[in-house]
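Okay, input.cif now, which holds mmCIF, C-alpha atoms:
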data_my_file
#
loop_
_atom_site.label_atom_id
_atom_site.label_comp_id
_atom_site.auth_asym_id
_atom_site.auth_seq_id
_atom_site.Cartn_x
_atom_site.Cartn_y
_atom_site.Cartn_z
CA MET R 25 0.00 0.00 0.00
CA ASN R 26 1.52 3.32 -1.01
CA THR R 27 1.75 6.16 1.48
CA ARG R 28 -0.10 9.26 0.37
CA ILE R 29 -0.96 12.65 1.87
CA GLN R 30 -3.54 15.04 0.48
CA GLN R 31 -4.38 18.70 1.18
CA PHE R 32 -1.39 19.50 3.36
CA SER R 33 -0.44 23.02 4.40
CA THR R 34 3.23 23.66 5.03
CA SER R 35 3.13 27.33 6.05
CA VAL R 36 4.57 27.45 9.56
CA ARG R 37 5.30 30.37 11.84
CA VAL R 38 8.76 29.93 13.33
CA CYS R 39 9.01 30.67 17.03
CA GLY R 40 11.08 29.75 20.08
CA PHE R 41 8.35 27.76 21.82
CA ILE R 42 8.68 24.05 21.11
CA SER R 43 6.78 20.96 22.27
CA ASN R 44 9.28 18.21 23.04
CA ILE R 45 6.72 15.59 22.04
CA GLY R 46 5.14 17.47 19.17
CA LYS R 47 8.44 18.16 17.42
CA GLN R 48 9.31 14.47 17.15
CA PRO R 49 9.00 13.15 13.57
CA ILE R 50 6.46 10.38 12.94
CA PRO R 51 7.70 7.36 10.95
CA ILE R 52 5.22 5.93 8.44
CA PRO R 53 5.33 2.17 7.70
CA PRO R 54 5.05 1.19 4.01
CA ASN R 55 1.72 -0.58 4.61
CA VAL R 56 -0.02 2.56 5.94
CA ALA R 57 -1.78 5.22 3.85
CA LEU R 58 -2.51 8.73 5.12
CA THR R 59 -5.14 11.11 3.77
CA ALA R 60 -5.44 14.59 5.28
CA SER R 61 -7.95 17.40 5.07
CA SER R 62 -8.09 20.76 6.80
CA THR R 63 -9.87 19.22 9.80
CA SER R 64 -8.55 15.65 10.12
CA ILE R 65 -6.08 13.01 9.02
CA THR R 66 -7.22 9.49 8.14
CA VAL R 67 -4.92 6.54 8.77
CA LYS R 68 -5.58 3.33 6.85
CA GLY R 69 -3.62 0.13 7.35
CA PRO R 70 -3.95 -3.66 7.30
CA LEU R 71 -5.85 -3.64 10.63
CA GLY R 72 -8.42 -1.01 9.71
CA GLU R 73 -8.98 2.70 9.38
CA THR R 74 -9.26 5.56 11.87
CA THR R 75 -9.38 9.35 11.84
CA VAL R 76 -7.58 11.88 14.05
CA PRO R 77 -9.04 15.43 14.21
CA LEU R 78 -6.78 18.39 13.46
CA GLU R 79 -7.07 21.95 14.74
CA PRO R 80 -7.05 24.78 12.15
CA TYR R 81 -3.62 25.98 13.34
CA MET R 82 -1.91 22.61 12.73
CA HIS R 83 0.27 21.92 9.70
CA LEU R 84 1.51 18.58 8.29
CA SER R 85 4.52 18.08 6.05
CA PHE R 86 6.97 15.39 4.92
CA LEU R 87 10.55 15.53 6.18
CA GLN R 88 11.16 12.43 4.04
CA PRO R 89 8.78 10.28 1.95
CA ASP R 90 8.18 8.03 4.98
CA VAL R 91 8.50 10.59 7.79
CA LEU R 92 5.68 12.94 8.81
CA SER R 93 6.10 16.20 10.72
CA LEU R 94 3.45 18.12 12.69
CA THR R 95 3.81 21.81 13.55
CA VAL R 96 1.53 24.56 14.85
CA GLY R 97 1.01 28.14 13.77
CA ASP R 98 2.23 29.77 17.00
CA GLY R 99 3.94 27.73 19.70
CA ALA R 100 3.86 30.72 22.02
CA VAL R 101 0.13 30.11 22.51
CA LYS R 102 -0.21 27.67 25.42
CA HIS R 103 -3.23 25.85 24.01
CA GLN R 104 -1.57 25.32 20.64
CA ARG R 105 1.60 24.04 22.29
CA ALA R 106 -0.38 21.60 24.47
CA MET R 107 -2.44 20.27 21.56
CA TRP R 108 0.70 19.94 19.44
CA GLY R 109 2.10 17.13 21.60
CA THR R 110 -1.30 15.53 22.17
CA THR R 111 -2.19 15.39 18.48
CA ARG R 112 1.25 14.11 17.52
CA SER R 113 0.79 11.24 20.01
CA LEU R 114 -2.70 10.49 18.66
CA ILE R 115 -1.43 10.32 15.06
CA ASN R 116 1.50 8.12 16.04
CA ASN R 117 -0.78 5.79 18.02
CA ALA R 118 -3.22 5.63 15.10
CA ILE R 119 -0.41 4.61 12.73
CA THR R 120 0.85 1.94 15.13
CA GLY R 121 -2.67 0.69 15.83
CA MET R 122 -3.65 0.35 12.18
CA SER R 123 -0.34 -1.28 11.19
CA SER R 124 0.60 -3.63 14.05
CA GLY R 125 -1.85 -2.99 16.89
CA PHE R 126 -1.30 -2.81 20.65
CA SER R 127 -1.27 -5.52 23.29
CA LYS R 128 -0.97 -5.64 27.06
CA PRO R 129 -0.29 -8.70 29.24
CA LEU R 130 -1.97 -9.04 32.63
CA TYR R 131 -0.71 -11.40 35.32
CA LEU R 132 -2.81 -12.92 38.09
CA VAL R 133 -0.66 -13.32 41.20
CA GLY R 134 -2.16 -15.16 44.15
CA VAL R 135 -3.02 -18.64 45.37
CA GLY R 136 -6.00 -19.96 43.42
CA TYR R 137 -6.11 -16.97 41.04
CA ARG R 138 -7.17 -18.23 37.62
CA ALA R 139 -8.48 -16.91 34.31
CA ALA R 140 -10.35 -18.63 31.48
CA LEU R 141 -11.76 -17.38 28.19
CA GLU R 142 -15.24 -18.63 27.32
CA ASP R 143 -18.26 -17.84 25.18
CA ASP R 144 -20.49 -15.07 26.52
CA PRO R 145 -24.09 -16.39 26.85
CA ARG R 146 -25.34 -12.91 25.90
CA GLY R 147 -23.46 -13.04 22.61
CA THR R 148 -22.83 -9.64 21.07
CA VAL R 149 -26.12 -7.97 22.04
CA ALA R 150 -24.49 -5.98 24.87
CA GLY R 151 -21.73 -4.56 22.68
CA GLY R 152 -19.24 -7.34 23.31
CA ASN R 153 -17.42 -9.60 20.85
CA GLY R 154 -19.14 -12.77 22.07
CA LYS R 155 -16.42 -13.77 24.54
CA ARG R 156 -15.90 -13.14 28.23
CA LEU R 157 -13.26 -13.70 30.90
CA ASN R 158 -14.07 -16.01 33.78
CA LEU R 159 -11.88 -14.86 36.68
CA LYS R 160 -11.12 -16.39 40.06
CA LEU R 161 -9.53 -13.65 42.17
CA GLY R 162 -9.94 -14.80 45.73
CA HIS R 163 -13.60 -13.84 46.06
CA SER R 164 -16.38 -16.20 47.10
CA HIS R 165 -17.64 -16.11 43.50
CA ASN R 166 -16.27 -16.01 39.98
CA ILE R 167 -16.16 -12.68 38.15
CA PHE R 168 -17.27 -12.52 34.51
CA VAL R 169 -15.89 -9.73 32.31
CA PRO R 170 -17.33 -9.36 28.77
CA ILE R 171 -14.76 -8.55 26.09
CA PRO R 172 -15.65 -5.34 24.16
CA ALA R 173 -16.15 -5.61 20.41
CA HIS R 174 -12.98 -3.63 19.61
CA ILE R 175 -10.73 -5.77 21.85
CA THR R 176 -9.51 -9.36 21.60
CA ALA R 177 -8.26 -11.45 24.51
CA GLU R 178 -6.16 -14.58 24.86
CA VAL R 179 -5.41 -16.69 27.92
CA PRO R 180 -2.12 -18.49 27.14
CA SER R 181 -1.95 -19.77 30.72
CA ALA R 182 -4.26 -19.84 33.74
CA THR R 183 -2.52 -16.84 35.31
CA LYS R 184 -1.84 -14.73 32.21
CA ILE R 185 -4.22 -12.70 30.02
CA VAL R 186 -3.17 -10.90 26.85
CA VAL R 187 -5.54 -8.21 25.54
CA SER R 188 -5.07 -6.59 22.11
CA SER R 189 -6.63 -3.74 20.16
CA THR R 190 -5.96 -1.12 17.50
CA ASN R 191 -6.99 1.58 19.99
CA ASN R 192 -4.35 2.08 22.68
CA VAL R 193 -6.55 4.28 24.88
CA ALA R 194 -9.48 1.84 24.90
CA LEU R 195 -7.06 -1.02 25.54
CA GLY R 196 -5.58 0.77 28.54
CA HIS R 197 -9.04 1.44 29.98
CA PHE R 198 -10.04 -2.21 29.64
CA ALA R 199 -6.80 -3.45 31.21
CA ALA R 200 -7.30 -1.00 34.09
CA LYS R 201 -10.87 -2.27 34.52
CA ILE R 202 -9.58 -5.82 35.03
CA ARG R 203 -6.85 -4.61 37.39
CA ARG R 204 -9.42 -2.81 39.58
CA LEU R 205 -11.11 -6.14 40.27
CA ARG R 206 -8.12 -7.08 42.46
CA PRO R 207 -5.51 -4.29 42.64
CA PRO R 208 -2.02 -5.37 43.77
CA GLU R 209 -1.74 -5.15 47.55
CA PRO R 210 1.54 -4.26 49.29
CA TYR R 211 1.70 -6.91 52.01
CA LYS R 212 1.59 -10.26 50.21
CA GLY R 213 2.06 -8.95 46.67
CA LYS R 214 -1.18 -10.48 45.40
CA GLY R 215 -3.39 -8.99 42.72
CA VAL R 216 -3.68 -8.30 39.00
CA PHE R 217 -0.55 -6.77 37.48
CA ILE R 218 -0.36 -5.04 34.08
CA GLY R 219 2.80 -5.71 32.06
CA ASP R 220 6.02 -5.30 34.05
CA GLU R 221 4.24 -3.50 36.90
CA THR R 222 5.84 -4.05 40.31
CA ILE R 223 4.87 -3.12 43.84
CA ARG R 224 7.03 -2.44 46.87
CA LEU R 225 6.11 -4.82 49.66
CA LYS R 226 5.49 -3.50 53.15
CA ALA R 227 6.49 -5.28 56.34
CA ILE R 228 3.59 -6.59 58.40
CA LYS R 229 3.60 -4.99 61.83
CA LYS R 230 3.61 -7.56 64.59
CA LYS R 231 1.71 -6.86 67.77
#
Render the structure in this file as structure tokens.
Amino acid sequence: MNTRIQQFSTSVRVCGFISNIGKQPIPIPPNVALTASSTSITVKGPLGETTVPLEPYMHLSFLQPDVLSLTVGDGAVKHQRAMWGTTRSLINNAITGMSSGFSKPLYLVGVGYRAALEDDPRGTVAGGNGKRLNLKLGHSHNIFVPIPAHITAEVPSATKIVVSSTNNVALGHFAAKIRRLRPPEPYKGKGVFIGDETIRLKAIKKK
């Protein structure tokens, strides 16, 4: 798939105010196509298509055929400078999501903690993808968590869950939702951990 950009403005006001995130160039994989208008940029890749809104004061240009640059009209304006870095991150995440996607592992740490992936009896009527997680997290009952339609989940082992999506923000929210069911506690180190998350253990005070 050829990379393409349409309707780009390259007129930029040079100033001394720079966003450390916004100024970073954005690499474009060869399997991603970009189409821009005055109000948005559309990212299309092998995993789907998404659109990122653009403010009127934002300008896109190519530093190289496969490198995109985002600038703003006046970096001295606080709002423009803040949105510069935010929008750059959104575009970069959209490119990554549509080309390779995002994934997060979750680990269940605790005696008897288990996870299983099973069919959701409700199917997709509640906005899910037809699957749900069946979790044993030390409660007197199992906890069932429906998988949203835009997220996929795998359970490679009884104590590990891997969730994936093209939307990094939605993926983070879903992973945090599972973590809240049994947050890591600092005395025995039990709970649901996201990725390489660690927790400093506290000594138990003896009476």
I need the output of the PyMOL selection byres ((chain R and resi 204) around 12) for this file as a PyMOL selection string; which residues are they?
chain R and resi 130+161+169+197-203+205-209+215-218
Take the PyMOL selection byres ((chain R and resi 70) around 9), run it mentally on this structure, and tell me the resulting residues as an MDAnalysis selection string.
chainID R and resid 55:56 68:69 71:73 122:124
Serialized selection, C-alpha atoms, as a tab-separated table (two decimals), in the coordinates of the input:
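File produced: again.tsv:
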chain	number	residue	atom	x	y	z
R	55	ASN	CA	1.72	-0.58	4.61
R	56	VAL	CA	-0.02	2.56	5.94
R	68	LYS	CA	-5.58	3.33	6.85
R	69	GLY	CA	-3.62	0.13	7.35
R	71	LEU	CA	-5.85	-3.64	10.63
R	72	GLY	CA	-8.42	-1.01	9.71
R	73	GLU	CA	-8.98	2.70	9.38
R	122	MET	CA	-3.65	0.35	12.18
R	123	SER	CA	-0.34	-1.28	11.19
R	124	SER	CA	0.60	-3.63	14.05
One decimal, Å: what's the distance from CA of Gly147 (chain R) over to CA of Ala177 (chain R), could you say?
15.4 Å
Residue nearest Leu87 (chain R) - candidates R:Val67, R:Ile50, R:Val179, R:Ala57, atoms counted: only C-alpha atoms
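Once distances to Leu87 (chain R) are computed over only C-alpha atoms, the minimum belongs to R:Ile50.
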What is the distance, in Å and to one decimal place, between CA of Lys47 (chain R) and CA of Trp108 (chain R)?
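Those two atoms sit 8.2 Å apart.
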Give me the result of the PyMOL selection byres ((chain R and resi 152) around 10) on this file, residue by residue, as a PDB file with C-alpha atoms, keeping the file's coordinate frame.
ATOM      1  CA  ASP R 144     -20.490 -15.070  26.520  1.00  0.00           C
ATOM      2  CA  ARG R 146     -25.340 -12.910  25.900  1.00  0.00           C
ATOM      3  CA  GLY R 147     -23.460 -13.040  22.610  1.00  0.00           C
ATOM      4  CA  THR R 148     -22.830  -9.640  21.070  1.00  0.00           C
ATOM      5  CA  VAL R 149     -26.120  -7.970  22.040  1.00  0.00           C
ATOM      6  CA  ALA R 150     -24.490  -5.980  24.870  1.00  0.00           C
ATOM      7  CA  GLY R 151     -21.730  -4.560  22.680  1.00  0.00           C
ATOM      8  CA  ASN R 153     -17.420  -9.600  20.850  1.00  0.00           C
ATOM      9  CA  GLY R 154     -19.140 -12.770  22.070  1.00  0.00           C
ATOM     10  CA  LYS R 155     -16.420 -13.770  24.540  1.00  0.00           C
ATOM     11  CA  ARG R 156     -15.900 -13.140  28.230  1.00  0.00           C
ATOM     12  CA  VAL R 169     -15.890  -9.730  32.310  1.00  0.00           C
ATOM     13  CA  PRO R 170     -17.330  -9.360  28.770  1.00  0.00           C
ATOM     14  CA  ILE R 171     -14.760  -8.550  26.090  1.00  0.00           C
ATOM     15  CA  PRO R 172     -15.650  -5.340  24.160  1.00  0.00           C
ATOM     16  CA  ALA R 173     -16.150  -5.610  20.410  1.00  0.00           C
ATOM     17  CA  HIS R 174     -12.980  -3.630  19.610  1.00  0.00           C
ATOM     18  CA  ILE R 175     -10.730  -5.770  21.850  1.00  0.00           C
TER      19      ILE R 175
END
In Å, rounded to a single decimal, give me how far CA of Leu92 (chain R) is from CA of Gly109 (chain R).
13.9 Å
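Across R:Leu84, R:Ala60, R:Val187, R:Met107, the tightest approach to Leu141 (chain R) is made by R:Val187 when counting only C-alpha atoms.
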For the point (-3.3, 5.8, 13.6) in file coordinates, what residues are within 8 Å, counting all atoms listed in the file? Give the answer as a PDB file with C-alpha atoms, keeping the file's coordinate frame?
ATOM      1  CA  THR R  66      -7.220   9.490   8.140  1.00  0.00           C
ATOM      2  CA  VAL R  67      -4.920   6.540   8.770  1.00  0.00           C
ATOM      3  CA  LYS R  68      -5.580   3.330   6.850  1.00  0.00           C
ATOM      4  CA  GLU R  73      -8.980   2.700   9.380  1.00  0.00           C
ATOM      5  CA  THR R  74      -9.260   5.560  11.870  1.00  0.00           C
ATOM      6  CA  THR R  75      -9.380   9.350  11.840  1.00  0.00           C
ATOM      7  CA  VAL R  76      -7.580  11.880  14.050  1.00  0.00           C
ATOM      8  CA  LEU R 114      -2.700  10.490  18.660  1.00  0.00           C
ATOM      9  CA  ILE R 115      -1.430  10.320  15.060  1.00  0.00           C
ATOM     10  CA  ASN R 116       1.500   8.120  16.040  1.00  0.00           C
ATOM     11  CA  ASN R 117      -0.780   5.790  18.020  1.00  0.00           C
ATOM     12  CA  ALA R 118      -3.220   5.630  15.100  1.00  0.00           C
ATOM     13  CA  ILE R 119      -0.410   4.610  12.730  1.00  0.00           C
ATOM     14  CA  THR R 120       0.850   1.940  15.130  1.00  0.00           C
ATOM     15  CA  GLY R 121      -2.670   0.690  15.830  1.00  0.00           C
ATOM     16  CA  MET R 122      -3.650   0.350  12.180  1.00  0.00           C
TER      17      MET R 122
END
Within 6 Å of Ser93 (chain R) using all atoms listed in the file, minus same-chain residues under 2 positions, as a PDB file with C-alpha atoms, in the coordinates of the input:
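Contents of the output file out_24.pdb:
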ATOM      1  CA  PRO R  49       9.000  13.150  13.570  1.00  0.00           C
ATOM      2  CA  LEU R  84       1.510  18.580   8.290  1.00  0.00           C
ATOM      3  CA  SER R  85       4.520  18.080   6.050  1.00  0.00           C
ATOM      4  CA  PHE R  86       6.970  15.390   4.920  1.00  0.00           C
TER       5      PHE R  86
END
Considering only C-alpha atoms, return as a PDB file with C-alpha atoms, keeping the file's coordinate frame whatever protein or nucleic-acid residues lie within 6 Å of Ser188 (chain R), sequence-local ones (same chain, fewer than 5 positions apart) excluded.
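The file below, around_18.pdb, is the result:
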ATOM      1  CA  PHE R 126      -1.300  -2.810  20.650  1.00  0.00           C
ATOM      2  CA  SER R 127      -1.270  -5.520  23.290  1.00  0.00           C
ATOM      3  CA  ILE R 175     -10.730  -5.770  21.850  1.00  0.00           C
ATOM      4  CA  THR R 176      -9.510  -9.360  21.600  1.00  0.00           C
TER       5      THR R 176
END
Ile45 (chain R) surroundings by all atoms listed in the file, 10 Å radius, close-in-sequence under 5 positions cut, as a VMD selection string
chain R and resid 105 to 106 108 to 113
Identify, on the basis of all atoms listed in the file, every residue whose closest approach to Ser181 (chain R) does not exceed 12 Å; exclude the query and any residue fewer than 3 positions from it along the same chain; express the result as a list in words.
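Skipping anything fewer than 3 positions along the chain leaves Pro129, Leu130, Tyr131, Leu132, Tyr137, Arg138, Ala139, Ala140, Leu141, Glu178, Lys184, Ile185 and Val186 of chain R.
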Will you give me region 148-210 of chain R, written with C-alpha atoms and laid out as a PDB file, in the first residue's frame?
ATOM      1  CA  THR R 148     -22.831  -9.637  21.071  1.00  0.00           C
ATOM      2  CA  VAL R 149     -26.121  -7.970  22.038  1.00  0.00           C
ATOM      3  CA  ALA R 150     -24.490  -5.981  24.866  1.00  0.00           C
ATOM      4  CA  GLY R 151     -21.725  -4.558  22.684  1.00  0.00           C
ATOM      5  CA  GLY R 152     -19.236  -7.341  23.308  1.00  0.00           C
ATOM      6  CA  ASN R 153     -17.425  -9.595  20.854  1.00  0.00           C
ATOM      7  CA  GLY R 154     -19.140 -12.770  22.070  1.00  0.00           C
ATOM      8  CA  LYS R 155     -16.417 -13.769  24.541  1.00  0.00           C
ATOM      9  CA  ARG R 156     -15.895 -13.144  28.230  1.00  0.00           C
ATOM     10  CA  LEU R 157     -13.255 -13.705  30.899  1.00  0.00           C
ATOM     11  CA  ASN R 158     -14.065 -16.013  33.784  1.00  0.00           C
ATOM     12  CA  LEU R 159     -11.881 -14.859  36.679  1.00  0.00           C
ATOM     13  CA  LYS R 160     -11.123 -16.386  40.065  1.00  0.00           C
ATOM     14  CA  LEU R 161      -9.532 -13.647  42.167  1.00  0.00           C
ATOM     15  CA  GLY R 162      -9.938 -14.801  45.732  1.00  0.00           C
ATOM     16  CA  HIS R 163     -13.597 -13.843  46.059  1.00  0.00           C
ATOM     17  CA  SER R 164     -16.380 -16.201  47.096  1.00  0.00           C
ATOM     18  CA  HIS R 165     -17.643 -16.105  43.504  1.00  0.00           C
ATOM     19  CA  ASN R 166     -16.267 -16.015  39.978  1.00  0.00           C
ATOM     20  CA  ILE R 167     -16.159 -12.676  38.145  1.00  0.00           C
ATOM     21  CA  PHE R 168     -17.269 -12.519  34.511  1.00  0.00           C
ATOM     22  CA  VAL R 169     -15.888  -9.734  32.313  1.00  0.00           C
ATOM     23  CA  PRO R 170     -17.330  -9.364  28.773  1.00  0.00           C
ATOM     24  CA  ILE R 171     -14.757  -8.547  26.093  1.00  0.00           C
ATOM     25  CA  PRO R 172     -15.650  -5.340  24.161  1.00  0.00           C
ATOM     26  CA  ALA R 173     -16.150  -5.612  20.410  1.00  0.00           C
ATOM     27  CA  HIS R 174     -12.977  -3.632  19.613  1.00  0.00           C
ATOM     28  CA  ILE R 175     -10.733  -5.771  21.852  1.00  0.00           C
ATOM     29  CA  THR R 176      -9.509  -9.362  21.598  1.00  0.00           C
ATOM     30  CA  ALA R 177      -8.263 -11.454  24.505  1.00  0.00           C
ATOM     31  CA  GLU R 178      -6.160 -14.579  24.860  1.00  0.00           C
ATOM     32  CA  VAL R 179      -5.414 -16.690  27.916  1.00  0.00           C
ATOM     33  CA  PRO R 180      -2.121 -18.487  27.144  1.00  0.00           C
ATOM     34  CA  SER R 181      -1.946 -19.765  30.724  1.00  0.00           C
ATOM     35  CA  ALA R 182      -4.256 -19.839  33.739  1.00  0.00           C
ATOM     36  CA  THR R 183      -2.521 -16.839  35.309  1.00  0.00           C
ATOM     37  CA  LYS R 184      -1.843 -14.726  32.206  1.00  0.00           C
ATOM     38  CA  ILE R 185      -4.223 -12.703  30.019  1.00  0.00           C
ATOM     39  CA  VAL R 186      -3.175 -10.896  26.846  1.00  0.00           C
ATOM     40  CA  VAL R 187      -5.537  -8.211  25.536  1.00  0.00           C
ATOM     41  CA  SER R 188      -5.070  -6.593  22.110  1.00  0.00           C
ATOM     42  CA  SER R 189      -6.630  -3.738  20.159  1.00  0.00           C
ATOM     43  CA  THR R 190      -5.962  -1.120  17.499  1.00  0.00           C
ATOM     44  CA  ASN R 191      -6.993   1.575  19.992  1.00  0.00           C
ATOM     45  CA  ASN R 192      -4.347   2.082  22.676  1.00  0.00           C
ATOM     46  CA  VAL R 193      -6.552   4.281  24.883  1.00  0.00           C
ATOM     47  CA  ALA R 194      -9.477   1.841  24.900  1.00  0.00           C
ATOM     48  CA  LEU R 195      -7.056  -1.020  25.541  1.00  0.00           C
ATOM     49  CA  GLY R 196      -5.583   0.773  28.540  1.00  0.00           C
ATOM     50  CA  HIS R 197      -9.038   1.445  29.981  1.00  0.00           C
ATOM     51  CA  PHE R 198     -10.037  -2.214  29.639  1.00  0.00           C
ATOM     52  CA  ALA R 199      -6.799  -3.453  31.206  1.00  0.00           C
ATOM     53  CA  ALA R 200      -7.300  -1.001  34.091  1.00  0.00           C
ATOM     54  CA  LYS R 201     -10.866  -2.274  34.522  1.00  0.00           C
ATOM     55  CA  ILE R 202      -9.578  -5.824  35.027  1.00  0.00           C
ATOM     56  CA  ARG R 203      -6.850  -4.608  37.392  1.00  0.00           C
ATOM     57  CA  ARG R 204      -9.422  -2.814  39.579  1.00  0.00           C
ATOM     58  CA  LEU R 205     -11.110  -6.144  40.274  1.00  0.00           C
ATOM     59  CA  ARG R 206      -8.118  -7.079  42.458  1.00  0.00           C
ATOM     60  CA  PRO R 207      -5.515  -4.292  42.644  1.00  0.00           C
ATOM     61  CA  PRO R 208      -2.022  -5.369  43.774  1.00  0.00           C
ATOM     62  CA  GLU R 209      -1.744  -5.153  47.551  1.00  0.00           C
ATOM     63  CA  PRO R 210       1.545  -4.259  49.290  1.00  0.00           C
TER      64      PRO R 210
END
